[in-house]
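Student: Sharing a structure here in structure tokens format.
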Amino acid sequence: MLVLDDTIFLLLDGYGWLPGLLRRSHGPVAHTRLLGRRAVGLRGPEVARFFYEDGNVRRGTALPEPVRSTLAGPGAVHTLDGACHRVRKAVFMSVLTGVGVGSLAAHTGAAWDEAAGTWGDGRRVVLFEQAAQVLTAGVCRWAGMPVCDAEVPDLAADLTAMVDGFGSAGPRHWRGRLARIRREAWLADLVGDLRDGTDTAPAGSALDVIVNCRDAGGRPLDARTAAVELLNIIRPTAAVAWYVTFAAHALHRWPEHRKALRDGDAAHTEAFAQEVRRFYPFAPFVAGVAARDLTWAGERIPEGTLVLLDVFGQNHDPELWAEPYTFNPGRFAGRELGPYELIPQGGGDPLTGHRCPGDDITLALLQALAVRLARLDYDVPEQDLTISLRRIPTLPASGFVLTLPQPAPTQPSASSLHC
């Protein structure tokens, strides 16, 4: 069967590309080619289970070079499989679960309160940029990173550039690639200083854990790989700025949800955060490589084929979500989610599989900041709030501009660092 390369159509159609391909295939499997490689597109909870089932799909060789050079980095946990992946993933989960989640949310909440205290007097605030800085400050304080307040804006800009560049072949990609090179070099020097005793990391901090991390063979990570993994803690945290901006967009379009958030209704806050992650687009799909000859729904998937799990399509599938293009947090009220239903950051068990280890952190941070956002008294001036589904990752075109007539009340955090 002759299958044409669809790379140009992915770049042109964005989030709609894979759902459209599956719709036109009139079957459970869509055959295509990407970057010259044979590929298949699949969708649905059972497909997600099949995708993440051990031994079916490898992730290590699936990330295309443009994604590795902006999002993941060379030698990152995302590029590993088998025992190597399990050992490295366990290190991440040791700092990104349990008490660590609450501590990170508290640091980030304090950083938001400090920043919001400077937003008054009618000045225009681009929420996306400010949220990225708040998240960067919060995660650096929590992780024990030696970053002072004056350094946060540039670091936040680099971290968001890495995320913003993964879905582009143009200037955005090169900005992200250069940002990663710059920050990997900075962190590799930091790792070297910590290991030779020039600097010290707070005991038990994420910085301490990664600097002393060992691979599956018991060897310390080289300084560059340790730097990559440090970035893979702070960079995804800064990426929550996309969801915070989407939350503001949702509150602007559907202000009826503001009161429950302001009142601190925990159940509604969680449901609101989950609906933001379902409704708004972030990752269009996740990819792996068939580890062996596979069969799905009677169709053969040869070893080495790219396997694309349709994230955007599944999160808007009417068979899973009634009226999927309606923003409705109530759909999550009392609903026990399975590990393969809502997959904005992949599916499966983050403890053992390739699901993002920051899934719980994303949810906790989004809840903490959505409540604070709802409690702000701000105006939304005239601006372009359209969200293009052709741009990956997308965002309201204006970044969501707001103005506050008065500064928000604040108390300085004891954890604040000043140059």
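Ligands are numbered from 1 in the order shown, residues from 1 within each chain, and chains are lettered A, B, ... in the order they appear in the structure tokens.
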Contacts of stretch 256-273 of chain A at 12 Å or less, counting only C-alpha atoms, minus same-chain residues fewer than 6 places along, as a count of residues only?

Tutor: 42

Student: What is the distance between atom CA of A:Arg33 and atom CA of A:Asp5, in Å to one decimal?

Tutor: 4.4 Å

Student: Residues of stretch 226-340 of chain A that approach stretch 100-116 of chain A to 12 Å or less, counting only C-alpha atoms: could you list each one with the shortest pair of atoms and its distance in Å to one decimal, rows by chain and increasing residue number, as CSV?

Tutor:
residue,atom,partner,partner_atom,distance
A:Ile233,CA,A:Leu104,CA,11.4
A:Ile234,CA,A:Leu104,CA,11.0
A:Thr237,CA,A:Leu104,CA,9.6
A:Ala238,CA,A:Thr108,CA,10.5
A:Val240,CA,A:Thr108,CA,11.3
A:Ala241,CA,A:Thr108,CA,11.7
A:Val244,CA,A:Trp112,CA,11.7

Student: Residues as selected, all heavy atoms, written as a PDB file, in the first residue's frame, can you do that?

Tutor:
ATOM      1  N   ILE A 233      13.028  18.588  35.489  1.00  0.00           N
ATOM      2  CA  ILE A 233      12.190  18.877  36.654  1.00  0.00           C
ATOM      3  C   ILE A 233      11.672  20.306  36.581  1.00  0.00           C
ATOM      4  O   ILE A 233      10.474  20.551  36.749  1.00  0.00           O
ATOM      5  CB  ILE A 233      12.979  18.643  37.961  1.00  0.00           C
ATOM      6  CG1 ILE A 233      13.183  17.144  38.193  1.00  0.00           C
ATOM      7  CG2 ILE A 233      12.237  19.254  39.156  1.00  0.00           C
ATOM      8  CD1 ILE A 233      14.003  16.802  39.418  1.00  0.00           C
ATOM      9  N   ILE A 234      12.550  21.256  36.289  1.00  0.00           N
ATOM     10  CA  ILE A 234      12.096  22.657  36.335  1.00  0.00           C
ATOM     11  C   ILE A 234      11.392  23.083  35.053  1.00  0.00           C
ATOM     12  O   ILE A 234      10.474  23.908  35.098  1.00  0.00           O
ATOM     13  CB  ILE A 234      13.260  23.615  36.682  1.00  0.00           C
ATOM     14  CG1 ILE A 234      14.354  23.602  35.622  1.00  0.00           C
ATOM     15  CG2 ILE A 234      13.837  23.284  38.050  1.00  0.00           C
ATOM     16  CD1 ILE A 234      15.454  24.641  35.873  1.00  0.00           C
ATOM     17  N   THR A 237       7.626  22.113  34.998  1.00  0.00           N
ATOM     18  CA  THR A 237       6.891  22.919  35.974  1.00  0.00           C
ATOM     19  C   THR A 237       6.565  24.285  35.381  1.00  0.00           C
ATOM     20  O   THR A 237       5.438  24.776  35.505  1.00  0.00           O
ATOM     21  CB  THR A 237       7.702  23.065  37.269  1.00  0.00           C
ATOM     22  OG1 THR A 237       8.032  21.770  37.773  1.00  0.00           O
ATOM     23  CG2 THR A 237       6.918  23.828  38.322  1.00  0.00           C
ATOM     24  N   ALA A 238       7.534  24.900  34.729  1.00  0.00           N
ATOM     25  CA  ALA A 238       7.268  26.183  34.068  1.00  0.00           C
ATOM     26  C   ALA A 238       6.200  26.043  32.991  1.00  0.00           C
ATOM     27  O   ALA A 238       5.443  26.981  32.725  1.00  0.00           O
ATOM     28  CB  ALA A 238       8.560  26.745  33.472  1.00  0.00           C
ATOM     29  N   VAL A 240       3.488  24.543  33.122  1.00  0.00           N
ATOM     30  CA  VAL A 240       2.127  24.667  33.671  1.00  0.00           C
ATOM     31  C   VAL A 240       1.568  26.058  33.386  1.00  0.00           C
ATOM     32  O   VAL A 240       0.356  26.282  33.467  1.00  0.00           O
ATOM     33  CB  VAL A 240       2.130  24.326  35.180  1.00  0.00           C
ATOM     34  CG1 VAL A 240       0.754  24.499  35.806  1.00  0.00           C
ATOM     35  CG2 VAL A 240       2.600  22.883  35.398  1.00  0.00           C
ATOM     36  N   ALA A 241       2.429  27.009  33.007  1.00  0.00           N
ATOM     37  CA  ALA A 241       1.953  28.347  32.626  1.00  0.00           C
ATOM     38  C   ALA A 241       0.939  28.275  31.499  1.00  0.00           C
ATOM     39  O   ALA A 241       0.029  29.116  31.421  1.00  0.00           O
ATOM     40  CB  ALA A 241       3.139  29.218  32.213  1.00  0.00           C
ATOM     41  N   VAL A 244      -2.340  27.459  33.255  1.00  0.00           N
ATOM     42  CA  VAL A 244      -2.823  28.603  34.036  1.00  0.00           C
ATOM     43  C   VAL A 244      -3.464  29.634  33.109  1.00  0.00           C
ATOM     44  O   VAL A 244      -4.524  30.208  33.418  1.00  0.00           O
ATOM     45  CB  VAL A 244      -1.669  29.226  34.845  1.00  0.00           C
ATOM     46  CG1 VAL A 244      -2.124  30.504  35.551  1.00  0.00           C
ATOM     47  CG2 VAL A 244      -1.123  28.224  35.869  1.00  0.00           C
TER      48      VAL A 244
END

Student: Check the DSSP output for the backbone and give back, as a ChimeraX atom specification, the residues of stretch 179-386 of chain A in alpha helix (DSSP H).

Tutor: /A:179-195,206-211,223-253,258-262,266-279,311-314,359-375

Student: Can you measure atom CA of A:Phe9 to atom CA of A:His26 for me? One decimal in Å is fine.

Tutor: 18.8 Å

Student: Identify, on the basis of only C-alpha atoms, every residue whose closest approach to stretch 384-399 of chain A does not exceed 7 Å; exclude the query and any residue fewer than 6 positions from it along the same chain; express the result as a list in words.

Tutor: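 The residues that qualify are Leu12, Asp13, Gly14, Tyr15, Gly16, Val126, Leu127, Phe128, Asp164, Gly167, Trp242, Phe282 and Ala283 of chain A.
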
Student: Grab the atom CA of A:Glu299 to atom CA of A:Gly338 distance for me, in Å with one decimal place.

Tutor: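 These two atoms are separated by 26.0 Å.
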
Student: For A:Gly20, which of A:Arg177, A:Arg38, A:Arg43, A:Arg123 is the closest residue, counting only C-alpha atoms?

Tutor: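 Nearest to A:Gly20: A:Arg43.
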
Student: Determine, counting only C-alpha atoms, which protein, DNA and RNA residues have an atom within 7 Å of an atom of A:Glu303; residues of the same chain fewer than 5 positions away are not included. Present the result as an mmCIF file with all heavy atoms, in the first residue's frame.

Tutor:
data_model
loop_
_atom_site.group_PDB
_atom_site.id
_atom_site.type_symbol
_atom_site.label_atom_id
_atom_site.label_comp_id
_atom_site.auth_asym_id
_atom_site.auth_seq_id
_atom_site.Cartn_x
_atom_site.Cartn_y
_atom_site.Cartn_z
ATOM 1 N N ALA A 290 7.063 0.519 17.644
ATOM 2 C CA ALA A 290 6.679 -0.874 17.878
ATOM 3 C C ALA A 290 7.926 -1.696 18.206
ATOM 4 O O ALA A 290 8.862 -1.773 17.406
ATOM 5 C CB ALA A 290 5.967 -1.442 16.657
ATOM 6 N N ALA A 291 7.944 -2.306 19.387
ATOM 7 C CA ALA A 291 9.114 -3.059 19.841
ATOM 8 C C ALA A 291 9.222 -4.419 19.173
ATOM 9 O O ALA A 291 10.265 -5.058 19.209
ATOM 10 C CB ALA A 291 9.061 -3.228 21.359
ATOM 11 N N ARG A 292 8.136 -4.873 18.563
ATOM 12 C CA ARG A 292 8.076 -6.151 17.861
ATOM 13 C C ARG A 292 6.909 -6.073 16.895
ATOM 14 O O ARG A 292 6.188 -5.069 16.879
ATOM 15 C CB ARG A 292 7.896 -7.303 18.854
ATOM 16 C CG ARG A 292 6.732 -7.094 19.806
ATOM 17 C CD ARG A 292 6.724 -8.101 20.944
ATOM 18 N NE ARG A 292 5.722 -7.783 21.942
ATOM 19 C CZ ARG A 292 4.439 -8.089 21.877
ATOM 20 N NH1 ARG A 292 3.973 -8.739 20.794
ATOM 21 N NH2 ARG A 292 3.586 -7.760 22.820
ATOM 22 N N ASP A 293 6.707 -7.089 16.110
ATOM 23 C CA ASP A 293 5.526 -7.119 15.248
ATOM 24 C C ASP A 293 4.284 -7.171 16.128
ATOM 25 O O ASP A 293 4.144 -8.070 16.976
ATOM 26 C CB ASP A 293 5.559 -8.335 14.329
ATOM 27 C CG ASP A 293 6.588 -8.188 13.216
ATOM 28 O OD1 ASP A 293 7.065 -7.052 12.999
ATOM 29 O OD2 ASP A 293 6.916 -9.200 12.565
#

Student: Using only C-alpha atoms, determine which residues lie at most 12 Å from A:Val191, disregarding the query and same-chain residues fewer than 5 positions distant; provide the list as a PyMOL selection string.

Tutor: chain A and resi 145-146+184-186+196-201+207-213+220-230

Student: Just checking: using only C-alpha atoms, which residue out of A:Val276, A:Val307, A:Leu10, A:Leu342 ends up closest to A:Gly288?

Tutor: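 When distances to A:Gly288 are compared using only C-alpha atoms, the smallest one comes from A:Val307.
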
Student: Using only C-alpha atoms, find the one residue out of A:Val40, A:Leu135, A:Ala48, A:Leu11 that sits nearest to A:Ser25.

Tutor: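 When distances to A:Ser25 are compared using only C-alpha atoms, the smallest one comes from A:Val40.
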
Student: Which parts of stretch 126-358 of chain A does DSSP call strand (DSSP E or B) when run on the backbone here, written out as a PyMOL selection string?

Tutor: chain A and resi 126+214+220+285-290+294-296+299-301+306-310+344+346

Student: Which is closest to A:Val401 among A:Pro202, A:Gly122, A:Pro19, A:Gly36, if we use only C-alpha atoms?

Tutor: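 Nearest candidate to A:Val401 out of A:Pro202, A:Gly122, A:Pro19, A:Gly36: A:Gly122.
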